[in-house]
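Here the structure comes first, spelled out in structure tokens, and everything after it is commentary.
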Amino acid sequence: EFRYLWHNEGGEELGMRGSYLAVEPPRHLVHVERFDGMPEDSEATITSELTETEGRATTLRATVHYATTAARDAMLASMAVGVRDSYDRLAAILAQG
């Protein structure tokens, strides 16, 4: 089992917990996760697969499955701003080089 807890600059917290269903190093991982305060049907099952290409690059393919379409849509809507902001911060760090 695992638990993540994030804090933003304003002191707000976001927590998530989950458990591993399958661990097959180094290429395959399956886990379930649910953010704190979200309904039971918002639990997601995530399958992560790593594939090496010519010994030079690794591709991560993550498939996320929700119990209902409504749960998926609600999670996507709640994540849109945070994910965009995270990628913007990463791009800024990489640009500093």
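Residue numbering restarts at 1 for every chain of the structure tokens, chains are lettered A, B, ... in their displayed order, and ligands are numbered from 1 as they appear.
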
Considering only C-alpha atoms, return as an MDAnalysis selection string whatever protein or nucleic-acid residues lie within 8 Å of region 66-82 of chain A, sequence-local ones (same chain, fewer than 6 positions apart) excluded. chainID A and resid 41:45

Nearest to Glu49 (chain A) among A:Arg34, A:His7, A:His65, A:His28, with distances taken over only C-alpha atoms: which residue is it?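 Result for the nearest residue to Glu49 (chain A): A:His28.
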
CA of Leu50 (chain A) to CA of Leu21 (chain A), distance in Å rounded to a single decimal: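 Atom-to-atom, CA of Leu50 (chain A) to CA of Leu21 (chain A), that is 16.6 Å.
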
Which residue out of A:Ala62, A:Ala57, A:Glu33, A:Asp85 has the minimum interatomic distance to Asn8 (chain A) when only C-alpha atoms are used? A:Asp85

With DSSP run on the backbone, what are the helix (DSSP H, G or I) residues within chain A? I'd like them as number ranges by chain. A: 40-42, 69-96

Would you mind writing down, as a PyMOL selection string, each residue of chain A that DSSP on the backbone assigns to strand (DSSP E or B)? chain A and resi 2-7+13-24+28-35+44-53+57-66

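Restricting the calculation to only C-alpha atoms, the smallest distance between Met38 (chain A) and any of A:Gly15, A:Thr58, A:Ala22, A:Thr53 is found for A:Gly15.
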
What's around Leu5 (chain A) at 12 Å? Count only C-alpha atoms, leave out sequence neighbours fewer than 6 positions away in its own chain, and write the answer as an NGL selection string. :A and (11-17 or 35-36)

Rounded to one decimal, what separation in Å do you get between CA of Val83 (chain A) and CA of Glu1 (chain A)? 24.0 Å

Take CA of Leu60 (chain A) and CA of Pro39 (chain A) and report the distance between them in Å, one decimal.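 Distance between the two atoms: 28.2 Å.
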